[in-house]
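Enquirer: Here you go, one structure.
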Amino acid sequence: MHCETLVKIDRTYRESYILLYYKFAFTSDFITKEINMLDNEVNKNEQVQVARRAVLGNVSEGISSLPMESSSTMSAMPNCPKGGVVVKVCYAGICYSEGHIRKGHFRPALPGIEIAGVIHDICNTLPNCNIMPGDKVIVYPTEDMVNDGCQEYIAVDDADTLVQIPAEVPLEVASMLPGSALSAHNAVLKAMPHVEKLQKVKPCVNVLIVGAGSLGLWTLRLANFMIGSQNSNIRLFVADNSIDKLITAQEHDCHDIIHWCEEDHEQYIIERTLDACRGGVDVVVDFISSPRTMLRSLKVLNREGLILVGGNAMAEVSINLNTLAAKQQSIVGIPKGTVEQLHELVQAIADKKVEPPLFSVHNFEEAKDVFEELAECRLTGRAILRFNYANTTSLTDNC
Amino acid sequence: MFHVPPEIRIVSPPRKRQNPFPKPIDTEAIENIVRPFILSDDDYRKLMDSMLENFNKGLGKETNASARVKMFQTYVKSVPDGTESGDFLALDLGGTNFRVLLISLDGKEVKMESKIYLIPQHIMLGSGVQLFDHIAECIFKFMKDHDLMGKTLPLGFTFSFPCRQIGLDRAVLTNWTKGFKCEGVEGNDIVKLLHEAIERRGDIQVNCLAVINDTVGALMSCAHSDNSCAIGLILGTGTNACYIERLENVELWDGDWDEPQQVIINTEWGAYGDDGALDFVKTEYDRKVDKHSINPGKQVYEKMISGMYMGEIVRLVLVKLCKHGLIFGGRGSEELSTMGRFYTKYVSEIESDVNDHFKNTKQVFEDLMIPNHTEEDCRIVQHVCCLISTRAAYLASAGIACLLNKMNRPDVAVAVDGSLYRFHPHFHDLMVEKITQLLNPGIKFRLMLSHDGSGKGAALVAAVANRVQQQKKQQQLLANGMNDLSMDN
């Protein structure tokens, strides 16, 4: 294995940085990983923010139409890794965080998290192969996949991270599972014991979900599923900056929506929240976890309340630990999730126990327009890009 | 989720040693830039005289047509007398939120239940029919949730847009403000539009007895607990005031002359200065804000005071200071250069910092993605916010002092509502200080926070209107009864 580290250019005078450019080349199995560390138009020389762009593989048409960086030396078809498979990507969900949007222009990022495709190639050393080329699969995201971004063909080292998709589950729905659905599932799992404990002593338990994007919507769906129909004293609330996203959330069975308008005074937002959530908030699921959302969450949280954080924040948050201790509150990170849970999720979808939230499917050439619509909230729910569509016949979205 | 593997994450470049003796602030340059915001006592007195002229112009029969400050009559003659009781519905439309309230009155006791319904952008800019259909739907949802189906409750409507009232229950919208632009509403009676939308639904009945402005709501709500309340003031996204005027001064009065011989006047004082009366205190930043607003040349007084523009004025000053290299090392950010991005709430937050940690100020700088900031920058920005909010407070004080002097009542409570007044750390104190200074001797006043005037106030006006309506019905029955008696004889 040889490793080339190229130039580190630090242009402090211009508004952009090109930070680092790594290139690994393995002599035996040739995998080119290109990690383009990006610039950001914000000149922050104290804290570097890394926004990863997608490195899109050999997609023949339309690379120039994408506002994405494409590295000059693209990986063509990756060789099948030893003991692994190659997956041909059919659908990729657009995952983004508010912080990227709020910079005024949308920085598209397709980290390789929400990906669904078909098996393209299988290493012949794989024992008792119950996977065949052409099988529909999703991949449990590993660190490498996340960094590589979405490519047309993905080499998966460990076949155990594959989850086969049954015929009754559309592949575009399956693409959302390894990302937002898995995180939402873990948030709900972490919250349930606490909610059940409070249910026994309180007449009403209020759960506030901060962020009405795909993560928030999946949390609503999964929470409703896990709570079941008999527990009517658990109330789900959703808060977001965008009214359009909130109206979408309203259609996913929450008790009420609360507009956290960034222009309003913090005290006003807190009053409005307490007004809507009578009795205060017992559990907060905050996928945004910015300094402002955390401050609001702490102000509305009851004694012994629990805040679950997703950790997508672009900035550090400072918290007064004395208050936390005095009120016996807790702040817990949302775990990443396991392959087993992914299997469970697929089964739940297949058995129609959980309906996916609002999503829309777009051809990847339209990516630029889709990103704009997402930034302006003209499009709500998860946006999924379709690749290699000449081969796929299913065209579903549920908007 | 985003994961940045530790080995690839870049650490910040080694920080250069801070200069222990930074360049001293060029105070003179900064003072020159912000000096126009400091007005003298004479300026404020001149302003008061000019405002009085404008008020009288609005009240005068001949002069009203050309007056900028319209002094609309509200047809609300009495403040609550404490005997109001019953259940009432109230509607509150003033911005992106629309509230429906159920209010139970029983003497001095008030019980309220309310729900907020959001108004999406496409309805704010759609047709008037869509807007009122949406409102009717929200009323339906509320009535269903609160088991009110089948009942017809009297309703008061707080409609916080400039209106010309033709009666207590008839108001014609003069023009949309605050981002609304529904066609087919300007020039029409909004109560009629509401009743039409409700009839279109067919599943609910409401009886809208009164339309009021949010200033009147604030006054009524406060008067319920403090009978000496005679002025209602809004200091929020916009600014406006109403007060109790003697009928003899209202030359355009066309209602009845029964007791009490007074009526609440909605000044719409935001339009003061539209004819140039404020040019002697306008700064270049005010002119810039005005030029880029959706209604240039209009609402001049309001633009110098209210929350909708205060943040923008501060932003323009900061941009100029930054351009001259006086703050942030001369480097701002894209956010700072974006119009409207400096939210007015930042002004309250920055001025709430009381010690040298400047925690709130630094948080604002982070929100605005400003790359370099020092403690001096925090101080300077706080100073700028201070000057601009002080000017706003003093300008509003001049208006209130003018009204207090005009009414010449010995003891007046002023009901105030609005986010600027409620959340700014010093606004109240600044106003009390300035009004005291500008007031004629022998007049006592106090500023009272009127919480939720739009809900409670609307219900109170509806209650008063209901009482009047019932009294009239009783009198009618009595009159009919007398007629029958005399016929029998």
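Each chain in the structure tokens gets a letter, A, B, ..., in the order shown, and its residues are numbered from 1; ligands are numbered from 1 in order too.
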Name the residues of range 226-371 of chain A that come out as strand (DSSP E) in a backbone DSSP run; write them as number ranges by chain.

Expert: A: 234-240, 256-259, 281-286, 301-309, 330-333, 359-363

Enquirer: For Val169 in chain A, please output as a list of chain:residue names all residues within 10 Å (counting only C-alpha atoms; exclusion window: fewer than 2 positions along the same chain).

Expert: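 Contacts, in chain order: A:Lys136, A:Ile165, A:Pro166, A:Ala167, A:Leu171, A:Glu172, A:Val173, A:Ala174, A:Val346, A:Gln347, A:Ile349, A:Ala350, A:Asp351, A:Lys352.
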
Enquirer: Would you mind reading off the distance between CA of Val156 in chain A and CA of Leu215 in chain A, one decimal, in Å?

Expert: 25.2 Å

Enquirer: Taking only C-alpha atoms into account, name the residue in B:Glu251, B:Asp226, B:Asp42, B:Glu31 that is nearest to Gly58 in chain B.

Expert: B:Glu251

Enquirer: Please provide the set of residues having any atom within 12 Å of Glu251 in chain A, restricted to only C-alpha atoms, with same-chain residues fewer than 4 positions apart removed, written as a list in words.

Expert: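 Listing them by chain and then by number gives Ala212, Leu217, Leu220, Arg221, Val238, Asp244, Lys245, Leu246, Ile247, His255, Asp256, Ile257, Pro357, Leu358, Thr380, Gly381 and Cys399 of chain A.
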
Enquirer: Which residue gives the smallest distance to Gly84 in chain A among A:Asn130, A:Thr161, A:Gln341, A:Asn302, with only C-alpha atoms counted?

Expert: A:Thr161

Enquirer: Write out as a PyMOL selection string all residues of range 99-238 of chain A that DSSP puts in helix (DSSP H, G or I) for this structure's backbone.

Expert: chain A and resi 99-101+143-148+159-161+171-175+177-199+214-227

Enquirer: Just give me the gap between CA of Ala401 in chain B and CA of Asp264 in chain A in Å, one decimal is fine.

Expert: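 Computed distance, CA of Ala401 in chain B to CA of Asp264 in chain A, equals 29.2 Å.
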
Enquirer: I'd like the interatomic distance between CA of Leu47 in chain B and CA of Leu439 in chain B, to a tenth of an Å.

Expert: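 CA of Leu47 in chain B sits 13.3 Å away from CA of Leu439 in chain B.
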
Enquirer: From the list B:Gly273, B:Gly126, B:Gly418, B:Pro154, which residue is nearest Phe88 in chain B when using only C-alpha atoms?

Expert: B:Pro154

Enquirer: Between A:Glu196, A:Pro178, A:Cys377, A:Pro127, which has the minimum distance to Asn241 in chain A (counting only C-alpha atoms)?

Expert: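 Going through A:Glu196, A:Pro178, A:Cys377, A:Pro127 one by one, the smallest distance to Asn241 in chain A is for A:Cys377.
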
Enquirer: Might you pull out every residue within 9 Å of Gly455 in chain B, with only C-alpha atoms counted and same-chain residues fewer than 5 positions away left off, and present them as a PyMOL selection string?

Expert: chain B and resi 89-92+99-103+112+114+156-158+217+221+460

Enquirer: With only C-alpha atoms as the counted atoms, please give the residues lying no more than 10 Å from range 273-277 of chain A, apart from itself and same-chain residues fewer than 2 positions off, as an NGL selection string.

Expert: (:A and (205-208 or 235-237 or 239 or 255-260 or 267-271 or 279-282 or 296-297 or 299-301)) or (:B and (113-116))

Enquirer: Could those selected residues go to a file with C-alpha atoms, as a compact mmCIF listing (two decimals), in the first residue's frame?

Expert:
# COMPACT_ATOMS: atom_id res chain seq x y z
CA VAL A 205 -46.38 12.82 28.83
CA ASN A 206 -45.30 15.43 26.27
CA VAL A 207 -42.65 14.57 23.69
CA LEU A 208 -41.23 17.35 21.54
CA ARG A 235 -48.52 13.57 23.08
CA LEU A 236 -46.15 14.18 20.20
CA PHE A 237 -45.28 17.75 19.21
CA ALA A 239 -41.23 22.23 16.16
CA HIS A 255 -50.78 16.26 18.54
CA ASP A 256 -49.70 19.77 17.58
CA ILE A 257 -47.10 21.77 15.67
CA ILE A 258 -45.15 24.71 17.06
CA HIS A 259 -43.53 27.36 14.88
CA TRP A 260 -40.01 28.10 16.11
CA GLN A 267 -38.77 34.10 25.34
CA TYR A 268 -41.72 34.32 22.97
CA ILE A 269 -40.85 30.95 21.42
CA ILE A 270 -40.58 29.39 24.87
CA GLU A 271 -43.95 30.82 25.91
CA GLY A 279 -47.62 20.77 31.60
CA GLY A 280 -44.19 21.26 30.10
CA VAL A 281 -42.12 18.93 27.96
CA ASP A 282 -40.87 15.62 29.28
CA ARG A 296 -35.16 26.43 24.24
CA SER A 297 -35.34 22.71 24.99
CA LYS A 299 -36.13 26.05 29.23
CA VAL A 300 -39.25 24.02 28.46
CA LEU A 301 -38.03 20.73 29.91
CA GLU B 113 -58.31 28.86 26.17
CA SER B 114 -56.61 29.46 22.89
CA LYS B 115 -55.01 27.74 19.94
CA ILE B 116 -52.62 29.05 17.35

Enquirer: Which residues, written as a PyMOL selection string, have at least one atom at most 10 Å from Gly255 in chain B, with only C-alpha atoms counted and residues fewer than 6 positions away on the same chain left out?

Expert: chain B and resi 73+75+77+166-167+247+263

Enquirer: B:Asn213, B:Met407, B:Pro441, B:Ile435: which is nearest Arg246 in chain B, counting only C-alpha atoms?

Expert: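 Of B:Asn213, B:Met407, B:Pro441, B:Ile435, the one nearest Arg246 in chain B is B:Met407, counting only C-alpha atoms.
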
Enquirer: Which residue out of B:Arg391, B:His383, B:Arg341, B:His195 has the minimum interatomic distance to Asn207 in chain B when only C-alpha atoms are used?

Expert: B:His195
